[in-house]
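> Structure file upload.json, JSON, C-alpha atoms, is pasted below:
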```json
[["chain", "number", "residue", "atom", "x", "y", "z"],
["P", 1, "MET", "CA", 12.01, 11.11, -15.36],
["P", 2, "ASN", "CA", 13.68, 9.45, -12.44],
["P", 3, "LEU", "CA", 16.38, 10.39, -9.95],
["P", 4, "ILE", "CA", 19.40, 9.42, -12.04],
["P", 5, "ASP", "CA", 18.00, 11.29, -15.06],
["P", 6, "CYS", "CA", 17.77, 14.49, -13.00],
["P", 7, "LEU", "CA", 21.32, 14.50, -11.62],
["P", 8, "THR", "CA", 24.61, 15.54, -13.18],
["P", 9, "ALA", "CA", 28.11, 15.80, -11.71],
["P", 10, "GLN", "CA", 27.46, 19.53, -11.47],
["P", 11, "THR", "CA", 24.47, 19.07, -9.17],
["P", 12, "VAL", "CA", 26.07, 16.53, -6.84],
["P", 13, "GLU", "CA", 28.43, 17.20, -3.96],
["P", 14, "VAL", "CA", 29.97, 14.45, -1.86],
["P", 15, "ASN", "CA", 31.67, 14.38, 1.52],
["P", 16, "SER", "CA", 30.50, 17.82, 2.55],
["P", 17, "THR", "CA", 31.77, 18.98, 5.93],
["P", 18, "LEU", "CA", 29.02, 21.53, 6.46],
["P", 19, "LYS", "CA", 27.55, 21.32, 9.95],
["P", 20, "ASP", "CA", 24.79, 23.93, 9.94],
["P", 21, "PRO", "CA", 21.32, 23.02, 8.56],
["P", 22, "GLU", "CA", 20.88, 26.54, 7.17],
["P", 23, "LEU", "CA", 24.16, 26.26, 5.27],
["P", 24, "ILE", "CA", 23.15, 22.83, 4.00],
["P", 25, "LEU", "CA", 19.91, 24.25, 2.56],
["P", 26, "SER", "CA", 21.77, 27.20, 1.08],
["P", 27, "ARG", "CA", 24.31, 24.93, -0.58],
["P", 28, "LEU", "CA", 21.58, 22.62, -1.93],
["P", 29, "VAL", "CA", 19.86, 25.63, -3.49],
["P", 30, "ASP", "CA", 23.14, 26.69, -5.11],
["P", 31, "LEU", "CA", 23.70, 23.17, -6.44],
["P", 32, "VAL", "CA", 20.25, 22.87, -7.98],
["P", 33, "LEU", "CA", 20.61, 26.31, -9.59],
["P", 34, "SER", "CA", 24.12, 25.59, -10.87],
["P", 35, "ARG", "CA", 22.88, 23.72, -13.91],
["P", 36, "GLU", "CA", 19.99, 26.01, -14.81],
["P", 37, "LYS", "CA", 18.63, 29.15, -13.19],
["P", 38, "ILE", "CA", 15.10, 27.84, -12.78],
["P", 39, "MET", "CA", 14.07, 30.63, -10.46],
["P", 40, "ASP", "CA", 15.43, 33.45, -8.33],
["P", 41, "ARG", "CA", 17.86, 32.12, -5.71],
["P", 42, "GLU", "CA", 16.43, 34.10, -2.78],
["P", 43, "THR", "CA", 12.87, 33.08, -3.64],
["P", 44, "LEU", "CA", 13.81, 29.41, -3.82],
["P", 45, "LEU", "CA", 15.80, 29.58, -0.59],
["P", 46, "SER", "CA", 13.05, 31.38, 1.30],
["P", 47, "GLN", "CA", 10.41, 28.89, 0.09],
["P", 48, "ILE", "CA", 12.58, 25.95, 1.08],
["P", 49, "HIS", "CA", 13.15, 27.50, 4.52],
["P", 50, "ALA", "CA", 9.47, 28.31, 4.97],
["P", 51, "ARG", "CA", 8.42, 24.75, 4.23],
["P", 52, "GLU", "CA", 11.18, 23.29, 6.41],
["P", 53, "LYS", "CA", 9.93, 25.41, 9.33],
["P", 54, "LEU", "CA", 6.53, 23.73, 9.00],
["P", 55, "GLY", "CA", 8.10, 20.32, 9.42],
["P", 56, "SER", "CA", 11.44, 18.66, 8.83],
["P", 57, "THR", "CA", 11.87, 16.90, 5.51],
["P", 58, "GLY", "CA", 14.09, 14.38, 7.29],
["P", 59, "ILE", "CA", 12.17, 11.18, 6.61],
["P", 60, "GLY", "CA", 14.34, 8.88, 8.68],
["P", 61, "VAL", "CA", 17.40, 6.64, 8.24],
["P", 62, "GLY", "CA", 19.54, 9.69, 7.51],
["P", 63, "ILE", "CA", 17.63, 11.00, 4.49],
["P", 64, "ALA", "CA", 16.33, 14.53, 4.04],
["P", 65, "ILE", "CA", 14.50, 15.72, 0.94],
["P", 66, "PRO", "CA", 13.79, 19.45, 1.04],
["P", 67, "HIS", "CA", 11.37, 20.17, -1.82],
["P", 68, "VAL", "CA", 9.19, 22.85, -3.30],
["P", 69, "HIS", "CA", 7.01, 23.37, -6.34],
["P", 70, "HIS", "CA", 6.68, 26.80, -7.88],
["P", 71, "LYS", "CA", 4.61, 28.16, -10.75],
["P", 72, "GLY", "CA", 7.61, 29.59, -12.59],
["P", 73, "VAL", "CA", 9.56, 26.34, -12.67],
["P", 74, "GLU", "CA", 9.57, 24.15, -15.76],
["P", 75, "GLY", "CA", 10.56, 20.52, -15.43],
["P", 76, "LEU", "CA", 12.01, 18.69, -12.45],
["P", 77, "HIS", "CA", 15.29, 19.79, -10.91],
["P", 78, "VAL", "CA", 17.30, 17.83, -8.39],
["P", 79, "ALA", "CA", 20.60, 18.16, -6.54],
["P", 80, "MET", "CA", 22.18, 15.85, -4.01],
["P", 81, "MET", "CA", 24.72, 16.23, -1.25],
["P", 82, "THR", "CA", 26.28, 13.74, 1.15],
["P", 83, "VAL", "CA", 27.38, 14.74, 4.64],
["P", 84, "PRO", "CA", 29.01, 11.63, 6.10],
["P", 85, "ALA", "CA", 29.40, 13.10, 9.60],
["P", 86, "GLY", "CA", 25.65, 13.67, 9.73],
["P", 87, "ILE", "CA", 23.80, 16.66, 11.09],
["P", 88, "ASP", "CA", 20.74, 17.12, 13.24],
["P", 89, "PHE", "CA", 17.95, 18.02, 10.83],
["P", 90, "HIS", "CA", 15.14, 17.26, 13.31],
["P", 91, "ALA", "CA", 14.25, 14.17, 11.32],
["P", 92, "ILE", "CA", 11.24, 12.05, 12.27],
["P", 93, "ASP", "CA", 13.46, 9.36, 13.83],
["P", 94, "ASP", "CA", 15.79, 11.89, 15.56],
["P", 95, "GLN", "CA", 18.74, 10.39, 13.67],
["P", 96, "PRO", "CA", 21.34, 12.65, 12.00],
["P", 97, "CYS", "CA", 20.87, 13.20, 8.29],
["P", 98, "THR", "CA", 23.69, 12.22, 5.95],
["P", 99, "VAL", "CA", 22.11, 12.30, 2.49],
["P", 100, "PHE", "CA", 20.28, 15.39, 1.25],
["P", 101, "VAL", "CA", 18.33, 15.71, -1.96],
["P", 102, "ILE", "CA", 16.63, 18.93, -3.00],
["P", 103, "VAL", "CA", 13.76, 18.79, -5.50],
["P", 104, "ALA", "CA", 12.21, 21.75, -7.27],
["P", 105, "GLY", "CA", 9.29, 21.19, -9.59],
["P", 106, "PRO", "CA", 6.46, 22.92, -11.40],
["P", 107, "SER", "CA", 3.13, 23.67, -9.76],
["P", 108, "ASN", "CA", 1.29, 22.76, -12.96],
["P", 109, "ASN", "CA", 2.59, 19.18, -13.12],
["P", 110, "ARG", "CA", 2.38, 18.02, -9.53],
["P", 111, "GLU", "CA", 1.85, 14.38, -10.46],
["P", 112, "GLU", "CA", 5.36, 13.97, -11.88],
["P", 113, "TYR", "CA", 6.81, 15.97, -8.99],
["P", 114, "LEU", "CA", 5.06, 13.75, -6.41],
["P", 115, "ARG", "CA", 6.02, 10.61, -8.29],
["P", 116, "LEU", "CA", 9.70, 11.67, -8.27],
["P", 117, "LEU", "CA", 9.57, 12.44, -4.55],
["P", 118, "GLY", "CA", 8.10, 8.98, -3.99],
["P", 119, "GLU", "CA", 10.85, 7.33, -6.00],
["P", 120, "ILE", "CA", 13.66, 9.26, -4.28],
["P", 121, "SER", "CA", 12.24, 8.43, -0.85],
["P", 122, "ARG", "CA", 11.98, 4.75, -1.67],
["P", 123, "VAL", "CA", 15.39, 4.45, -3.34],
["P", 124, "LEU", "CA", 17.41, 6.26, -0.70],
["P", 125, "ARG", "CA", 15.75, 4.54, 2.26],
["P", 126, "THR", "CA", 17.27, 1.27, 1.03],
["P", 127, "ASP", "CA", 20.33, 0.53, 3.17],
["P", 128, "ARG", "CA", 22.33, -0.74, 0.21],
["P", 129, "THR", "CA", 21.72, 2.39, -1.88],
["P", 130, "ARG", "CA", 22.28, 4.78, 0.97],
["P", 131, "ASN", "CA", 25.55, 3.15, 2.03],
["P", 132, "ALA", "CA", 26.80, 3.08, -1.56],
["P", 133, "VAL", "CA", 25.93, 6.76, -2.02],
["P", 134, "LEU", "CA", 27.76, 7.69, 1.18],
["P", 135, "ALA", "CA", 30.83, 5.71, 0.11],
["P", 136, "ALA", "CA", 31.19, 7.65, -3.17],
["P", 137, "LYS", "CA", 34.31, 9.78, -3.25],
["P", 138, "THR", "CA", 33.38, 11.94, -6.25],
["P", 139, "PRO", "CA", 30.15, 13.09, -7.87],
["P", 140, "GLU", "CA", 30.94, 10.93, -10.89],
["P", 141, "GLU", "CA", 31.33, 7.90, -8.66],
["P", 142, "LEU", "CA", 28.02, 8.63, -6.94],
["P", 143, "LEU", "CA", 26.21, 8.85, -10.28],
["P", 144, "LYS", "CA", 27.85, 5.65, -11.50],
["P", 145, "THR", "CA", 26.76, 3.93, -8.28],
["P", 146, "LEU", "CA", 23.15, 5.03, -8.74],
["P", 147, "ARG", "CA", 23.14, 3.83, -12.36],
["P", 148, "GLU", "CA", 24.52, 0.43, -11.40],
["P", 149, "LEU", "CA", 22.08, 0.00, -8.53],
["P", 150, "LYS", "CA", 19.19, 0.88, -10.84],
["P", 151, "LYS", "CA", 20.13, -1.97, -13.17],
["P", 152, "ASP", "CA", 19.93, -4.54, -10.35],
["H", 1, "MET", "CA", -5.09, 21.65, 23.38],
["H", 2, "LEU", "CA", -3.67, 19.13, 20.94],
["H", 3, "ASN", "CA", 0.08, 18.89, 20.47],
["H", 4, "ARG", "CA", 0.22, 16.00, 18.03],
["H", 5, "ILE", "CA", -2.28, 14.53, 15.61],
["H", 6, "LEU", "CA", -1.43, 11.28, 13.90],
["H", 7, "TYR", "CA", -3.04, 11.15, 10.47],
["H", 8, "ALA", "CA", -3.28, 7.61, 9.15],
["H", 9, "VAL", "CA", -2.76, 8.13, 5.43],
["H", 10, "ASN", "CA", -3.81, 5.04, 3.51],
["H", 11, "ALA", "CA", -2.27, 5.82, 0.08],
["H", 12, "SER", "CA", -5.66, 6.83, -1.28],
["H", 13, "SER", "CA", -7.34, 9.87, -2.72],
["H", 14, "GLU", "CA", -9.58, 9.92, 0.37],
["H", 15, "SER", "CA", -6.56, 10.61, 2.54],
["H", 16, "VAL", "CA", -5.59, 13.58, 0.36],
["H", 17, "HIS", "CA", -9.15, 14.93, 0.53],
["H", 18, "GLY", "CA", -9.14, 14.49, 4.31],
["H", 19, "ALA", "CA", -5.82, 16.33, 4.66],
["H", 20, "ARG", "CA", -7.50, 19.71, 4.39],
["H", 21, "PHE", "CA", -9.71, 18.98, 7.39],
["H", 22, "VAL", "CA", -6.75, 17.61, 9.38],
["H", 23, "ALA", "CA", -4.75, 20.74, 8.56],
["H", 24, "GLU", "CA", -7.60, 22.99, 9.75],
["H", 25, "LEU", "CA", -7.82, 21.00, 12.96],
["H", 26, "ALA", "CA", -4.06, 21.27, 13.47],
["H", 27, "LEU", "CA", -4.08, 25.01, 12.82],
["H", 28, "ALA", "CA", -6.98, 25.56, 15.22],
["H", 29, "SER", "CA", -5.25, 23.60, 17.98],
["H", 30, "GLY", "CA", -1.60, 24.43, 17.29],
["H", 31, "ALA", "CA", -0.84, 20.77, 16.77],
["H", 32, "GLN", "CA", 1.79, 19.14, 14.60],
["H", 33, "ILE", "CA", 0.55, 16.47, 12.19],
["H", 34, "ILE", "CA", 2.39, 13.21, 11.86],
["H", 35, "ALA", "CA", 1.25, 11.72, 8.58],
["H", 36, "LEU", "CA", 1.84, 7.98, 8.65],
["H", 37, "ASN", "CA", 1.33, 5.56, 5.80],
["H", 38, "VAL", "CA", 1.47, 1.88, 6.60],
["H", 39, "ILE", "CA", 2.22, -0.56, 3.82],
["H", 40, "ASP", "CA", -0.04, -3.49, 4.57],
["H", 41, "THR", "CA", 2.10, -6.53, 3.88],
["H", 42, "SER", "CA", -0.96, -8.77, 3.51],
["H", 43, "VAL", "CA", -2.19, -6.54, 0.67],
["H", 44, "ALA", "CA", 1.23, -6.82, -0.94],
["H", 45, "LYS", "CA", 0.84, -10.58, -1.18],
["H", 46, "TYR", "CA", -2.65, -10.22, -2.66],
["H", 47, "LEU", "CA", -1.47, -7.65, -5.24],
["H", 48, "LYS", "CA", 1.40, -9.88, -6.28],
["H", 49, "THR", "CA", -1.04, -12.69, -7.00],
["H", 50, "ALA", "CA", -3.63, -10.44, -8.63],
["H", 51, "THR", "CA", -1.28, -8.52, -10.92],
["H", 52, "GLY", "CA", 1.33, -11.16, -11.67],
["H", 53, "ALA", "CA", 4.05, -8.71, -10.78],
["H", 54, "SER", "CA", 7.12, -9.94, -8.93],
["H", 55, "GLU", "CA", 7.45, -9.46, -5.19],
["H", 56, "SER", "CA", 10.06, -6.75, -5.63],
["H", 57, "GLU", "CA", 8.00, -4.89, -8.27],
["H", 58, "THR", "CA", 4.98, -4.96, -5.95],
["H", 59, "ALA", "CA", 7.05, -3.77, -3.00],
["H", 60, "ILE", "CA", 8.51, -0.91, -5.03],
["H", 61, "LYS", "CA", 5.10, 0.21, -6.25],
["H", 62, "LEU", "CA", 3.58, 0.13, -2.78],
["H", 63, "GLN", "CA", 6.46, 2.05, -1.25],
["H", 64, "GLU", "CA", 6.57, 4.69, -3.97],
["H", 65, "ASP", "CA", 2.79, 5.09, -4.05],
["H", 66, "GLY", "CA", 2.80, 5.42, -0.28],
["H", 67, "TRP", "CA", 5.39, 8.18, -0.34],
["H", 68, "ARG", "CA", 3.61, 9.87, -3.26],
["H", 69, "TYR", "CA", 0.38, 10.15, -1.23],
["H", 70, "LEU", "CA", 2.30, 11.25, 1.86],
["H", 71, "TYR", "CA", 3.91, 14.09, -0.09],
["H", 72, "ASP", "CA", 0.52, 15.02, -1.55],
["H", 73, "VAL", "CA", -0.95, 15.23, 1.97],
["H", 74, "GLU", "CA", 2.09, 17.21, 3.12],
["H", 75, "ASP", "CA", 1.62, 19.66, 0.26],
["H", 76, "VAL", "CA", -2.02, 20.27, 1.20],
["H", 77, "CYS", "CA", -1.13, 20.80, 4.87],
["H", 78, "LYS", "CA", 1.93, 22.99, 4.38],
["H", 79, "SER", "CA", 0.16, 25.16, 1.81],
["H", 80, "MET", "CA", -2.35, 25.91, 4.56],
["H", 81, "GLY", "CA", 0.43, 26.64, 7.07],
["H", 82, "ALA", "CA", 0.03, 23.49, 9.14],
["H", 83, "LYS", "CA", 3.06, 21.73, 10.62],
["H", 84, "ILE", "CA", 3.56, 18.20, 9.36],
["H", 85, "VAL", "CA", 6.15, 15.47, 9.18],
["H", 86, "LEU", "CA", 6.00, 12.24, 7.18],
["H", 87, "HIS", "CA", 6.58, 8.62, 8.08],
["H", 88, "GLN", "CA", 6.09, 5.27, 6.34],
["H", 89, "GLN", "CA", 6.37, 1.76, 7.74],
["H", 90, "GLU", "CA", 5.35, -1.76, 6.81],
["H", 91, "GLY", "CA", 3.16, -4.05, 8.79],
["H", 92, "LEU", "CA", -0.38, -4.47, 10.00],
["H", 93, "PRO", "CA", -1.87, -0.97, 9.79],
["H", 94, "GLU", "CA", -3.87, -1.10, 13.01],
["H", 95, "ALA", "CA", -0.85, -2.26, 14.99],
["H", 96, "ILE", "CA", 1.67, 0.12, 13.42],
["H", 97, "ILE", "CA", -0.63, 3.11, 13.85],
["H", 98, "ALA", "CA", -1.16, 2.24, 17.52],
["H", 99, "ILE", "CA", 2.58, 1.85, 18.10],
["H", 100, "ASN", "CA", 3.32, 5.18, 16.48],
["H", 101, "ALA", "CA", 0.48, 6.95, 18.28],
["H", 102, "ARG", "CA", 2.12, 5.92, 21.54],
["H", 103, "ARG", "CA", 5.64, 6.64, 20.28],
["H", 104, "PHE", "CA", 4.78, 10.19, 19.23],
["H", 105, "LYS", "CA", 2.32, 10.72, 22.11],
["H", 106, "ALA", "CA", -0.46, 11.64, 19.70],
["H", 107, "GLU", "CA", -3.55, 12.96, 21.45],
["H", 108, "LEU", "CA", -5.74, 12.23, 18.44],
["H", 109, "VAL", "CA", -5.62, 9.78, 15.56],
["H", 110, "VAL", "CA", -7.44, 10.70, 12.37],
["H", 111, "ALA", "CA", -8.22, 8.07, 9.78],
["H", 112, "PRO", "CA", -9.80, 8.49, 6.34],
["H", 113, "HIS", "CA", -12.83, 6.32, 5.68],
["H", 114, "SER", "CA", -13.23, 4.57, 2.38],
["H", 115, "ARG", "CA", -16.53, 5.26, 0.69],
["H", 116, "ALA", "CA", -15.78, 2.97, -2.22],
["H", 117, "GLY", "CA", -18.37, 0.47, -1.12],
["H", 118, "GLY", "CA", -18.31, -3.32, -1.10],
["H", 119, "CYS", "CA", -15.31, -5.13, 0.33],
["H", 120, "THR", "CA", -13.19, -1.98, 0.53],
["H", 121, "GLN", "CA", -15.70, -0.15, 2.71],
["H", 122, "SER", "CA", -16.28, -3.20, 4.87],
["H", 123, "ARG", "CA", -12.55, -3.59, 5.39],
["H", 124, "SER", "CA", -12.23, 0.09, 6.19],
["H", 125, "GLU", "CA", -14.95, -0.21, 8.84],
["H", 126, "ARG", "CA", -13.22, -3.19, 10.45],
["H", 127, "PHE", "CA", -9.96, -1.27, 10.40],
["H", 128, "VAL", "CA", -11.52, 1.65, 12.28],
["H", 129, "ILE", "CA", -13.02, -0.67, 14.89],
["H", 130, "GLU", "CA", -9.64, -2.37, 15.37],
["H", 131, "LEU", "CA", -7.97, 1.00, 15.71],
["H", 132, "VAL", "CA", -10.38, 2.21, 18.37],
["H", 133, "GLU", "CA", -9.80, -0.96, 20.35],
["H", 134, "ARG", "CA", -6.02, -0.59, 20.25],
["H", 135, "LEU", "CA", -5.69, 3.11, 21.02],
["H", 136, "GLU", "CA", -5.92, 5.03, 24.26],
["H", 137, "CYS", "CA", -6.50, 8.32, 22.48],
["H", 138, "PRO", "CA", -9.63, 9.29, 20.51],
["H", 139, "VAL", "CA", -10.03, 8.32, 16.85],
["H", 140, "LEU", "CA", -11.65, 10.64, 14.36],
["H", 141, "VAL", "CA", -12.80, 9.28, 11.01],
["H", 142, "VAL", "CA", -12.99, 11.75, 8.13]]
```
Would you mind giving the structure from this file in structure tokens?

Amino acid sequence: MNLIDCLTAQTVEVNSTLKDPELILSRLVDLVLSREKIMDRETLLSQIHAREKLGSTGIGVGIAIPHVHHKGVEGLHVAMMTVPAGIDFHAIDDQPCTVFVIVAGPSNNREEYLRLLGEISRVLRTDRTRNAVLAAKTPEELLKTLRELKKD
Amino acid sequence: MLNRILYAVNASSESVHGARFVAELALASGAQIIALNVIDTSVAKYLKTATGASESETAIKLQEDGWRYLYDVEDVCKSMGAKIVLHQQEGLPEAIIAINARRFKAELVVAPHSRAGGCTQSRSERFVIELVERLECPVLVV
């Protein structure tokens, strides 16, 4: 499974105007649970928060990938949100984060979970992909953009 | 008291095994770990020749593998309660690690040592020597 396989219009939000990192995480959790209730919302949110406290998942160039694996989760679950104005997410390069992707995966298949995280990190750190994602005006347009970029 | 430890992840299983020790060290000292993987561009050229893959395919694999090992190291450290952030760059590993050690004001650099033997081990030993020569802070090999 790769990034585009894991996303649907339901799990993507574009042009968010949220400014608070806590609200961003909360909204990402709601997005990833909107397609399938993979686990209890409060448990997922608290685990995401707990891991974020141990170190920002902002990996630079405006990308943040909050992620968690949990024993109750089956399969890989992803949601994405763009925040064009950018927010301070204490990223490694101190730059504001504009593209957020949340990943929830199973504890008993970490290899696929790690592989997906690697792919998402590589894909979104490409200037061309990131700029195209930020330019999308609707979730459908964002998904179409990702599909077209994958073909190149 | 250590504030920052730079852990030179080298996209290998050794670096994941070493993460547990680095996490314990960070927890004991209250330090934050900066896990850095450097994609060695000279290796990329070698891999391209050795595997027959295109330059872009090789670059993609190296980048994704690098992140994959970084997230594996992060998982080990965070599951133990250690603070850690991730970073990946391309270039000559010894140089990039030294630049980032200064940038993040790391008081200690930890590097995994390859025990694979042969050319890999020899290269790993040369890398450690180079690192020690470039850094002002101590280097710990695990």
> I'd like the contact shell of stretch 129-144 of chain P - 6 Å cut-off, all atoms listed in the file, skipping same-chain residues fewer than 3 positions apart - returned as a list in words.
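Using all atoms listed in the file, the neighbours found are Ala9, Val12, Glu13, Leu124, Thr126 and Arg147 of chain P.
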> For chain H versus chain P, which residues have an atom no more than 7 Å away, and what is each residue's nearest atom pair and distance in Å rounded to one decimal, using all atoms listed in the file, chain-then-number order, as CSV?

```
residue,atom,partner,partner_atom,distance
H:Gln63,CA,P:Arg122,CA,6.2
H:Glu64,CA,P:Gly118,CA,4.6
H:Asp65,CA,P:Gly118,CA,6.6
H:Trp67,CA,P:Gly118,CA,4.6
H:Arg68,CA,P:Gly118,CA,4.6
H:Tyr71,CA,P:Leu114,CA,6.4
H:Asp72,CA,P:Leu114,CA,6.8
H:Lys78,CA,P:Leu54,CA,6.6
H:Ala82,CA,P:Leu54,CA,6.5
H:Lys83,CA,P:Leu54,CA,4.3
H:Ile84,CA,P:Gly55,CA,5.0
H:Val85,CA,P:Gly55,CA,5.2
H:Leu86,CA,P:Ile59,CA,6.3
H:His87,CA,P:Ile59,CA,6.3
```
> So that I have them on file, write out the residues from the current selection with C-alpha atoms, as a PDB file, keeping the file's coordinate frame.

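The result, stored in out.pdb:
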```pdb
ATOM      1  CA  GLN H  63       6.460   2.050  -1.250  1.00  0.00           C
ATOM      2  CA  GLU H  64       6.570   4.690  -3.970  1.00  0.00           C
ATOM      3  CA  ASP H  65       2.790   5.090  -4.050  1.00  0.00           C
ATOM      4  CA  TRP H  67       5.390   8.180  -0.340  1.00  0.00           C
ATOM      5  CA  ARG H  68       3.610   9.870  -3.260  1.00  0.00           C
ATOM      6  CA  TYR H  71       3.910  14.090  -0.090  1.00  0.00           C
ATOM      7  CA  ASP H  72       0.520  15.020  -1.550  1.00  0.00           C
ATOM      8  CA  LYS H  78       1.930  22.990   4.380  1.00  0.00           C
ATOM      9  CA  ALA H  82       0.030  23.490   9.140  1.00  0.00           C
ATOM     10  CA  LYS H  83       3.060  21.730  10.620  1.00  0.00           C
ATOM     11  CA  ILE H  84       3.560  18.200   9.360  1.00  0.00           C
ATOM     12  CA  VAL H  85       6.150  15.470   9.180  1.00  0.00           C
ATOM     13  CA  LEU H  86       6.000  12.240   7.180  1.00  0.00           C
ATOM     14  CA  HIS H  87       6.580   8.620   8.080  1.00  0.00           C
TER      15      HIS H  87
END
```
> Report, in Å to a single decimal, how far apart atom CA of P:Leu7 and atom CA of P:Leu23 are.
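Taking atom CA of P:Leu23 and atom CA of P:Leu7, their separation equals 20.8 Å.
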> Which residues, written as a list in words, have at least one atom at most 12 Å from H:Leu62, with only C-alpha atoms counted and residues fewer than 6 positions away on the same chain left out?
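Close residues of H:Leu62: Gly118, Glu119 and Arg122 of chain P; Asn10, Ala11, Ser12, Asn37, Val38, Ile39, Asp40, Thr41, Ser42, Val43, Ala44, Lys45, Leu47, Lys48, Ala53, Glu55, Ser56, Arg68, Tyr69, Gln88, Gln89 and Glu90 of chain H.
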> Around (16.2, 26.1, -7.3), as given in the file, which residues come within 9 Å? Count all atoms listed in the file and list them as a PDB file with C-alpha atoms, in the frame of the given file.

```
ATOM      1  CA  LEU P  28      21.580  22.620  -1.930  1.00  0.00           C
ATOM      2  CA  VAL P  29      19.860  25.630  -3.490  1.00  0.00           C
ATOM      3  CA  ASP P  30      23.140  26.690  -5.110  1.00  0.00           C
ATOM      4  CA  LEU P  31      23.700  23.170  -6.440  1.00  0.00           C
ATOM      5  CA  VAL P  32      20.250  22.870  -7.980  1.00  0.00           C
ATOM      6  CA  LEU P  33      20.610  26.310  -9.590  1.00  0.00           C
ATOM      7  CA  SER P  34      24.120  25.590 -10.870  1.00  0.00           C
ATOM      8  CA  GLU P  36      19.990  26.010 -14.810  1.00  0.00           C
ATOM      9  CA  LYS P  37      18.630  29.150 -13.190  1.00  0.00           C
ATOM     10  CA  ILE P  38      15.100  27.840 -12.780  1.00  0.00           C
ATOM     11  CA  MET P  39      14.070  30.630 -10.460  1.00  0.00           C
ATOM     12  CA  ASP P  40      15.430  33.450  -8.330  1.00  0.00           C
ATOM     13  CA  ARG P  41      17.860  32.120  -5.710  1.00  0.00           C
ATOM     14  CA  THR P  43      12.870  33.080  -3.640  1.00  0.00           C
ATOM     15  CA  LEU P  44      13.810  29.410  -3.820  1.00  0.00           C
ATOM     16  CA  LEU P  45      15.800  29.580  -0.590  1.00  0.00           C
ATOM     17  CA  VAL P  68       9.190  22.850  -3.300  1.00  0.00           C
ATOM     18  CA  VAL P  73       9.560  26.340 -12.670  1.00  0.00           C
ATOM     19  CA  HIS P  77      15.290  19.790 -10.910  1.00  0.00           C
ATOM     20  CA  VAL P  78      17.300  17.830  -8.390  1.00  0.00           C
ATOM     21  CA  ILE P 102      16.630  18.930  -3.000  1.00  0.00           C
ATOM     22  CA  VAL P 103      13.760  18.790  -5.500  1.00  0.00           C
ATOM     23  CA  ALA P 104      12.210  21.750  -7.270  1.00  0.00           C
ATOM     24  CA  GLY P 105       9.290  21.190  -9.590  1.00  0.00           C
TER      25      GLY P 105
END
```
> What does the structure give for the distance between atom CA of P:His70 and atom CA of H:Glu74, in Å to one decimal?
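Interatomic distance here is 15.3 Å.
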> Using all atoms listed in the file, collect all residues at a distance of at most 8 Å from (-9.2, 20.6, 18.2) as written in the file, then present them as a PDB file with C-alpha atoms, in the coordinates of the input.

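Output file result_21.pdb is given in full below:
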```pdb
ATOM      1  CA  MET H   1      -5.090  21.650  23.380  1.00  0.00           C
ATOM      2  CA  LEU H   2      -3.670  19.130  20.940  1.00  0.00           C
ATOM      3  CA  LEU H  25      -7.820  21.000  12.960  1.00  0.00           C
ATOM      4  CA  ALA H  26      -4.060  21.270  13.470  1.00  0.00           C
ATOM      5  CA  ALA H  28      -6.980  25.560  15.220  1.00  0.00           C
ATOM      6  CA  SER H  29      -5.250  23.600  17.980  1.00  0.00           C
TER       7      SER H  29
END
```
> To one decimal place, how far is atom CA of H:Tyr46 from atom CA of H:Ser13 in Å?
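Between atom CA of H:Tyr46 and atom CA of H:Ser13 the gap works out to 20.6 Å.
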> So, counting all atoms listed in the file, which residue among H:Glu125, H:Glu57, H:Glu136, H:Glu24 is closest to H:Cys77?
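The closest residue to H:Cys77 is H:Glu24.
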